[in-house]
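Colleague: Dropping in target.cif, with mmCIF, C-alpha atoms.
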data_protein
loop_
_atom_site.label_atom_id
_atom_site.label_comp_id
_atom_site.auth_asym_id
_atom_site.auth_seq_id
_atom_site.Cartn_x
_atom_site.Cartn_y
_atom_site.Cartn_z
CA ASN A 1 -5.35 24.02 -9.44
CA ALA A 2 -2.22 22.23 -8.22
CA GLY A 3 -3.26 21.78 -4.56
CA VAL A 4 -0.29 21.42 -2.20
CA THR A 5 3.11 21.30 -3.86
CA GLN A 6 6.27 20.22 -2.06
CA THR A 7 9.84 20.38 -3.28
CA PRO A 8 12.22 18.66 -3.42
CA LYS A 9 10.79 15.14 -3.49
CA PHE A 10 14.10 13.53 -2.57
CA GLN A 11 17.17 14.99 -0.84
CA VAL A 12 20.34 13.65 0.72
CA LEU A 13 22.16 15.90 3.18
CA LYS A 14 25.35 15.62 5.13
CA THR A 15 25.23 16.13 8.89
CA GLY A 16 25.46 19.83 9.68
CA GLN A 17 24.22 21.06 6.32
CA SER A 18 21.21 23.31 6.07
CA MET A 19 18.32 23.17 3.66
CA THR A 20 14.78 24.35 3.09
CA LEU A 21 11.80 22.23 2.14
CA GLN A 22 9.39 24.28 0.12
CA CYS A 23 5.59 24.09 0.37
CA ALA A 24 3.07 26.06 -1.63
CA GLN A 25 -0.71 25.86 -1.92
CA ASP A 26 -2.98 27.60 -4.38
CA MET A 27 -6.28 27.15 -2.54
CA ASN A 28 -6.05 30.32 -0.41
CA HIS A 29 -6.01 28.19 2.73
CA GLU A 30 -5.35 29.88 6.06
CA TYR A 31 -3.99 26.84 7.83
CA MET A 32 -0.73 25.14 6.85
CA SER A 33 1.38 22.62 8.68
CA TRP A 34 4.43 20.37 8.45
CA TYR A 35 4.53 16.76 9.61
CA ARG A 36 7.20 14.13 9.69
CA GLN A 37 6.43 10.47 9.21
CA ASP A 38 8.58 7.76 10.73
CA PRO A 39 7.93 4.00 10.74
CA GLY A 40 5.45 2.99 13.45
CA MET A 41 5.02 6.60 14.61
CA GLY A 42 2.28 7.88 12.34
CA LEU A 43 2.54 11.56 11.45
CA ARG A 44 3.88 13.99 14.02
CA LEU A 45 3.34 17.72 13.81
CA ILE A 46 6.47 19.87 13.54
CA HIS A 47 5.14 23.41 13.08
CA TYR A 48 1.92 24.97 11.93
CA SER A 49 0.52 28.31 10.87
CA VAL A 50 -3.01 29.69 11.12
CA GLY A 51 -2.33 32.57 8.74
CA ALA A 52 0.32 34.81 7.23
CA GLY A 53 2.70 36.07 9.90
CA ILE A 54 1.56 33.52 12.50
CA THR A 55 3.37 30.29 13.32
CA ASP A 56 3.41 27.92 16.27
CA GLN A 57 5.21 24.82 17.41
CA GLY A 58 3.83 21.34 17.15
CA GLU A 59 4.82 18.11 18.84
CA VAL A 60 8.41 17.85 17.52
CA PRO A 61 9.69 21.37 16.63
CA ASN A 62 13.34 21.09 17.68
CA GLY A 63 15.81 21.49 14.84
CA TYR A 64 13.28 23.10 12.51
CA ASN A 65 12.29 26.68 11.71
CA VAL A 66 9.34 28.00 9.75
CA SER A 67 8.00 31.32 8.51
CA ARG A 68 4.77 32.37 6.83
CA SER A 69 5.30 35.59 4.92
CA THR A 70 2.51 34.87 2.43
CA THR A 71 -0.71 32.85 2.51
CA GLU A 72 0.58 30.56 -0.22
CA ASP A 73 4.01 29.53 1.09
CA PHE A 74 5.18 27.76 4.23
CA PRO A 75 8.85 26.71 4.01
CA LEU A 76 10.47 24.40 6.54
CA ARG A 77 14.14 25.02 7.35
CA LEU A 78 16.65 22.63 8.79
CA LEU A 79 19.47 24.80 10.11
CA SER A 80 21.96 22.02 10.92
CA ALA A 81 20.78 18.63 9.74
CA ALA A 82 21.16 15.58 11.98
CA PRO A 83 20.70 11.88 11.16
CA SER A 84 17.64 11.87 13.47
CA GLN A 85 15.96 14.15 10.94
CA THR A 86 16.00 11.43 8.31
CA SER A 87 12.30 11.08 7.60
CA VAL A 88 9.48 11.69 5.17
CA TYR A 89 8.06 15.19 5.46
CA PHE A 90 4.53 16.18 4.53
CA CYS A 91 3.10 19.64 4.14
CA ALA A 92 -0.65 20.08 4.59
CA SER A 93 -3.19 22.86 4.27
CA SER A 94 -6.85 23.48 5.00
CA ALA A 95 -9.34 26.32 5.04
CA GLY A 96 -8.77 26.39 8.78
CA LEU A 97 -12.12 25.61 10.34
CA SER A 98 -12.80 22.42 12.24
CA GLY A 99 -14.04 19.66 10.01
CA ASN A 100 -12.55 21.11 6.84
CA THR A 101 -10.66 18.66 4.70
CA ILE A 102 -6.89 18.70 5.09
CA TYR A 103 -4.96 18.45 1.84
CA PHE A 104 -1.50 16.88 1.83
CA GLY A 105 1.45 17.26 -0.44
CA GLU A 106 3.12 14.23 -2.00
CA GLY A 107 5.92 14.15 0.55
CA SER A 108 9.64 14.89 0.67
CA TRP A 109 12.04 12.03 1.42
CA LEU A 110 15.05 13.37 3.34
CA THR A 111 18.13 11.35 4.26
CA VAL A 112 20.83 12.81 6.50
CA VAL A 113 24.12 10.94 6.41
CA ALA B 1 -5.84 16.19 25.69
CA GLN B 2 -6.82 14.54 22.46
CA SER B 3 -5.43 11.20 21.37
CA VAL B 4 -6.09 8.52 18.82
CA THR B 5 -5.44 4.79 19.19
CA GLN B 6 -5.47 2.48 16.21
CA LEU B 7 -5.86 -0.90 17.78
CA ASP B 8 -4.10 -2.93 15.08
CA SER B 9 -0.78 -2.07 13.47
CA HIS B 10 -1.35 -4.64 10.71
CA VAL B 11 -4.49 -6.26 9.34
CA SER B 12 -4.48 -8.95 6.69
CA VAL B 13 -7.63 -10.03 4.80
CA SER B 14 -8.41 -12.13 1.76
CA GLU B 15 -9.73 -10.43 -1.36
CA GLY B 16 -13.53 -10.28 -1.25
CA THR B 17 -13.80 -10.52 2.54
CA PRO B 18 -14.82 -7.70 4.89
CA VAL B 19 -12.37 -5.13 6.23
CA LEU B 20 -12.44 -3.73 9.77
CA LEU B 21 -9.86 -1.20 10.91
CA ARG B 22 -10.36 -0.10 14.50
CA CYS B 23 -9.91 3.37 15.94
CA ASN B 24 -10.61 4.78 19.39
CA TYR B 25 -10.20 8.40 20.33
CA SER B 26 -10.22 10.59 23.37
CA SER B 27 -11.31 14.19 23.19
CA SER B 28 -12.51 16.82 25.60
CA TYR B 29 -14.98 18.06 23.02
CA SER B 30 -17.10 16.65 20.23
CA PRO B 31 -14.39 16.08 17.66
CA SER B 32 -14.13 15.94 13.93
CA LEU B 33 -12.81 12.56 12.85
CA PHE B 34 -11.15 11.52 9.63
CA TRP B 35 -9.77 8.45 7.93
CA TYR B 36 -6.91 8.92 5.48
CA VAL B 37 -5.27 6.35 3.22
CA GLN B 38 -1.66 6.35 2.10
CA HIS B 39 -0.49 4.16 -0.75
CA PRO B 40 3.24 3.34 -0.94
CA ASN B 41 5.43 6.38 -1.60
CA LYS B 42 2.39 8.61 -1.91
CA GLY B 43 0.77 11.40 0.07
CA LEU B 44 -2.35 11.04 2.19
CA GLN B 45 -5.79 10.94 0.63
CA LEU B 46 -9.01 11.62 2.52
CA LEU B 47 -11.33 8.58 2.67
CA LEU B 48 -14.10 10.09 4.79
CA LYS B 49 -14.83 12.49 7.62
CA TYR B 50 -17.27 12.90 10.50
CA THR B 51 -18.23 16.42 11.54
CA SER B 52 -21.22 15.98 13.90
CA ALA B 53 -23.81 15.25 11.24
CA ALA B 54 -24.89 11.65 10.49
CA THR B 55 -23.04 9.12 12.64
CA LEU B 56 -22.64 6.68 9.73
CA VAL B 57 -20.30 8.24 7.22
CA LYS B 58 -19.78 6.96 3.70
CA GLY B 59 -16.50 7.59 1.94
CA ILE B 60 -14.77 6.84 -1.30
CA ASN B 61 -14.03 3.37 -2.68
CA GLY B 62 -16.83 1.69 -0.69
CA PHE B 63 -15.45 2.52 2.75
CA GLU B 64 -17.62 3.71 5.61
CA ALA B 65 -17.20 4.46 9.30
CA GLU B 66 -19.55 4.80 12.23
CA PHE B 67 -19.08 7.36 14.97
CA LYS B 68 -20.04 5.85 18.34
CA LYS B 69 -19.76 8.45 21.06
CA SER B 70 -20.57 6.03 23.90
CA GLU B 71 -17.67 3.81 22.81
CA THR B 72 -15.43 6.70 21.63
CA SER B 73 -14.83 4.72 18.46
CA PHE B 74 -14.69 5.46 14.75
CA HIS B 75 -14.01 2.11 13.09
CA LEU B 76 -13.50 1.89 9.33
CA THR B 77 -15.23 -0.87 7.39
CA LYS B 78 -15.64 -2.14 3.86
CA PRO B 79 -17.85 -5.10 2.88
CA SER B 80 -15.47 -6.62 0.34
CA ALA B 81 -11.73 -6.00 0.11
CA HIS B 82 -10.03 -5.36 -3.20
CA MET B 83 -6.35 -5.78 -3.98
CA SER B 84 -6.08 -2.03 -4.54
CA ASP B 85 -7.12 -1.41 -0.91
CA ALA B 86 -3.70 -2.56 0.32
CA ALA B 87 -2.24 0.56 1.94
CA GLU B 88 -1.62 2.33 5.24
CA TYR B 89 -4.69 3.83 6.94
CA PHE B 90 -4.65 6.65 9.46
CA CYS B 91 -7.38 7.64 11.88
CA VAL B 92 -7.22 11.35 12.71
CA VAL B 93 -8.97 13.54 15.29
CA LYS B 94 -9.45 17.30 15.28
CA PRO B 95 -11.11 19.00 18.26
CA LEU B 96 -14.18 20.96 17.20
CA ALA B 97 -14.10 23.59 19.89
CA SER B 98 -10.49 24.57 19.33
CA GLY B 99 -10.81 26.10 15.89
CA ASN B 100 -7.41 25.78 14.32
CA THR B 101 -5.94 23.24 16.73
CA PRO B 102 -3.82 20.80 14.76
CA LEU B 103 -4.74 17.25 13.87
CA VAL B 104 -3.79 14.29 16.02
CA PHE B 105 -2.84 11.18 14.06
CA GLY B 106 -3.04 7.55 15.01
CA LYS B 107 0.07 5.48 14.35
CA GLY B 108 -1.50 3.82 11.33
CA THR B 109 -2.80 0.39 10.34
CA ARG B 110 -1.24 -1.41 7.41
CA LEU B 111 -3.84 -3.34 5.43
CA SER B 112 -2.67 -6.32 3.38
CA VAL B 113 -5.03 -7.97 0.91
CA ILE B 114 -4.30 -11.56 -0.08
CA ALA B 115 -5.41 -12.88 -3.44
#
Could you express the structure from this file as structure tokens?
Modeller:
Amino acid sequence: NAGVTQTPKFQVLKTGQSMTLQCAQDMNHEYMSWYRQDPGMGLRLIHYSVGAGITDQGEVPNGYNVSRSTTEDFPLRLLSAAPSQTSVYFCASSAGLSGNTIYFGEGSWLTVV
Amino acid sequence: AQSVTQLDSHVSVSEGTPVLLRCNYSSSYSPSLFWYVQHPNKGLQLLLKYTSAATLVKGINGFEAEFKKSETSFHLTKPSAHMSDAAEYFCVVKPLASGNTPLVFGKGTRLSVIA
């Protein structure tokens, strides 16, 4: 049981490049989400999904796309990277009901130069 | 709208002394509340959670928190700090009535433990 797995752990991009952060969970969780963490800002929600085929925007969705074709996977796409997207990204999942524990991945450190 | 305020961005304590990390929340409903810990360059680990059962919640590593509805607070405490407690701590709220509504994070409190 691996929990929530994120790849890559570290990535450097040039402005304008595209990339996908991968997230997979093996707990059959309905609910998955992506956060970014910036100094002094806590974690801010980018996008989330309440099940396969369903996604919605969070607090800071601009510049990011997501899809949820399977229960297990929830990739985050940066279509044209900008320096403002330099951050640490966390994927999370839970069984979906209020009060259920949220499980986090180890994080992906992204630098856009 | 739901929000979480962590009243201190940085707390410093001596090893062996008590820890108090303060959190206030606002919620239209009776919320679920969580404390998470993040060690440097690591993901977030659940310390404890409140989900409308007992108001005093015990977590891992000797931490506990008390839900006080009248004060809209969920402060995290530990009787005696250990060097390994040095980390970033996040208070998190999740509205009960909204099913799959996402979490709302506080901005975090960095705990330093001095030998």
Colleague: Point out the residue among B:Lys68, B:His75, B:His82, B:Lys58 with the least atom-to-atom distance to Thr5 in chain B, counting only C-alpha atoms.
Modeller: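 Selected residue with least distance to Thr5 in chain B: B:His75.
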Colleague: Apply the PyMOL selection byres ((chain A) within 10 of (chain B)) to the file shown and report the selected residues as a PyMOL selection string.
Modeller: chain A and resi 30-33+37-45+47-50+58-59+88-92+94-109
Colleague: Going by the chain IDs and residue numbers used in this file, which residues fall under the PyMOL selection byres ((chain B and resi 15) around 7)? Write them as a PyMOL selection string.
Modeller: chain B and resi 13-14+16-17+81-83+113-115
Colleague: Separation of CA of Arg110 in chain B and CA of Phe63 in chain B, in Å?
Modeller: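 Separation of CA of Arg110 in chain B and CA of Phe63 in chain B: 15.5 Å.
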Colleague: Just how far from CA of Pro40 in chain B is CA of Arg22 in chain B, in Å to one decimal?
Modeller: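 Calculated distance between CA of Arg22 in chain B and CA of Pro40 in chain B is 20.9 Å.
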Colleague: Find the distance between CA of Ser84 in chain A and CA of Leu21 in chain A and write it in Å to one decimal.
Modeller: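 Distance reported for this atom pair: 16.4 Å.
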Colleague: Determine the nearest neighbour of Lys69 in chain B from the options B:His39, B:Gln2, B:Tyr25, B:Leu20, counting all atoms listed in the file.
Modeller: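 Distance minimum relative to Lys69 in chain B lands on B:Tyr25.
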Colleague: Applying 8 Å and all atoms listed in the file, which residues near Thr111 in chain A remain after dropping the ones on its own chain fewer than 2 positions away? List them as a PDB file with C-alpha atoms, keeping the file's coordinate frame.
Modeller:
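Dumped everything to out-v1.pdb:
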ATOM      1  CA  GLN A  11      17.170  14.990  -0.840  1.00  0.00           C
ATOM      2  CA  VAL A  12      20.340  13.650   0.720  1.00  0.00           C
ATOM      3  CA  LEU A  13      22.160  15.900   3.180  1.00  0.00           C
ATOM      4  CA  PRO A  83      20.700  11.880  11.160  1.00  0.00           C
ATOM      5  CA  GLN A  85      15.960  14.150  10.940  1.00  0.00           C
ATOM      6  CA  THR A  86      16.000  11.430   8.310  1.00  0.00           C
ATOM      7  CA  SER A  87      12.300  11.080   7.600  1.00  0.00           C
ATOM      8  CA  TRP A 109      12.040  12.030   1.420  1.00  0.00           C
ATOM      9  CA  VAL A 113      24.120  10.940   6.410  1.00  0.00           C
TER      10      VAL A 113
END
Colleague: For this file, the PyMOL selection byres ((chain B and resi 78) around 9) selects which residues, as a list in words?
Modeller: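 With the PyMOL selection byres ((chain B and resi 78) around 9) on this model, the match is Thr17, Pro18, Val19, Leu20, Asn61, Gly62, Phe63, Glu64, Ala65, Leu76, Thr77, Pro79, Ser80 and Ala81 of chain B.
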Colleague: Which residue gives the smallest distance to Ser84 in chain B among B:Asn24, B:Ser112, B:Gln6, B:Thr55, with only C-alpha atoms counted?
Modeller: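 Nearest candidate to Ser84 in chain B out of B:Asn24, B:Ser112, B:Gln6, B:Thr55: B:Ser112.
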Colleague: Starting from the incomplete input, reconstruct N, CA, C and O atoms of range 77-92 of chain B and report them as an mmCIF file, in the frame of the given file.
Modeller:
data_model
loop_
_atom_site.group_PDB
_atom_site.id
_atom_site.type_symbol
_atom_site.label_atom_id
_atom_site.label_comp_id
_atom_site.auth_asym_id
_atom_site.auth_seq_id
_atom_site.Cartn_x
_atom_site.Cartn_y
_atom_site.Cartn_z
ATOM 1 N N THR B 77 -14.828 0.417 7.927
ATOM 2 C CA THR B 77 -15.230 -0.870 7.390
ATOM 3 C C THR B 77 -15.410 -0.806 5.884
ATOM 4 O O THR B 77 -15.602 0.269 5.301
ATOM 5 N N LYS B 78 -15.330 -1.986 5.269
ATOM 6 C CA LYS B 78 -15.640 -2.140 3.860
ATOM 7 C C LYS B 78 -16.147 -3.568 3.680
ATOM 8 O O LYS B 78 -15.545 -4.506 4.202
ATOM 9 N N PRO B 79 -17.247 -3.760 2.956
ATOM 10 C CA PRO B 79 -17.850 -5.100 2.880
ATOM 11 C C PRO B 79 -16.961 -6.124 2.168
ATOM 12 O O PRO B 79 -16.961 -7.293 2.532
ATOM 13 N N SER B 80 -16.218 -5.671 1.168
ATOM 14 C CA SER B 80 -15.470 -6.620 0.340
ATOM 15 C C SER B 80 -14.145 -5.995 -0.077
ATOM 16 O O SER B 80 -14.124 -5.014 -0.821
ATOM 17 N N ALA B 81 -13.052 -6.572 0.394
ATOM 18 C CA ALA B 81 -11.730 -6.000 0.110
ATOM 19 C C ALA B 81 -11.311 -6.246 -1.330
ATOM 20 O O ALA B 81 -11.576 -7.306 -1.916
ATOM 21 N N HIS B 82 -10.596 -5.262 -1.851
ATOM 22 C CA HIS B 82 -10.030 -5.360 -3.200
ATOM 23 C C HIS B 82 -8.521 -5.234 -3.077
ATOM 24 O O HIS B 82 -8.006 -4.602 -2.145
ATOM 25 N N MET B 83 -7.821 -5.827 -4.034
ATOM 26 C CA MET B 83 -6.350 -5.780 -3.980
ATOM 27 C C MET B 83 -5.837 -4.342 -3.871
ATOM 28 O O MET B 83 -4.840 -4.069 -3.200
ATOM 29 N N SER B 84 -6.521 -3.425 -4.537
ATOM 30 C CA SER B 84 -6.080 -2.030 -4.540
ATOM 31 C C SER B 84 -6.265 -1.328 -3.198
ATOM 32 O O SER B 84 -5.805 -0.198 -3.013
ATOM 33 N N ASP B 85 -6.941 -1.993 -2.247
ATOM 34 C CA ASP B 85 -7.120 -1.410 -0.910
ATOM 35 C C ASP B 85 -5.880 -1.565 -0.036
ATOM 36 O O ASP B 85 -5.803 -0.970 1.046
ATOM 37 N N ALA B 86 -4.929 -2.361 -0.466
ATOM 38 C CA ALA B 86 -3.700 -2.560 0.320
ATOM 39 C C ALA B 86 -2.969 -1.231 0.445
ATOM 40 O O ALA B 86 -2.561 -0.625 -0.557
ATOM 41 N N ALA B 87 -2.809 -0.764 1.683
ATOM 42 C CA ALA B 87 -2.240 0.560 1.940
ATOM 43 C C ALA B 87 -2.127 0.754 3.446
ATOM 44 O O ALA B 87 -2.467 -0.130 4.231
ATOM 45 N N GLU B 88 -1.655 1.945 3.828
ATOM 46 C CA GLU B 88 -1.620 2.330 5.240
ATOM 47 C C GLU B 88 -2.805 3.259 5.493
ATOM 48 O O GLU B 88 -3.087 4.155 4.692
ATOM 49 N N TYR B 89 -3.498 3.053 6.612
ATOM 50 C CA TYR B 89 -4.690 3.830 6.940
ATOM 51 C C TYR B 89 -4.471 4.556 8.259
ATOM 52 O O TYR B 89 -4.002 3.963 9.236
ATOM 53 N N PHE B 90 -4.833 5.828 8.273
ATOM 54 C CA PHE B 90 -4.650 6.650 9.460
ATOM 55 C C PHE B 90 -5.989 7.202 9.935
ATOM 56 O O PHE B 90 -6.750 7.793 9.158
ATOM 57 N N CYS B 91 -6.243 7.016 11.229
ATOM 58 C CA CYS B 91 -7.380 7.640 11.880
ATOM 59 C C CYS B 91 -6.895 8.960 12.490
ATOM 60 O O CYS B 91 -5.814 9.002 13.093
ATOM 61 N N VAL B 92 -7.669 10.015 12.327
ATOM 62 C CA VAL B 92 -7.220 11.350 12.710
ATOM 63 C C VAL B 92 -8.333 12.070 13.455
ATOM 64 O O VAL B 92 -9.495 11.997 13.054
#
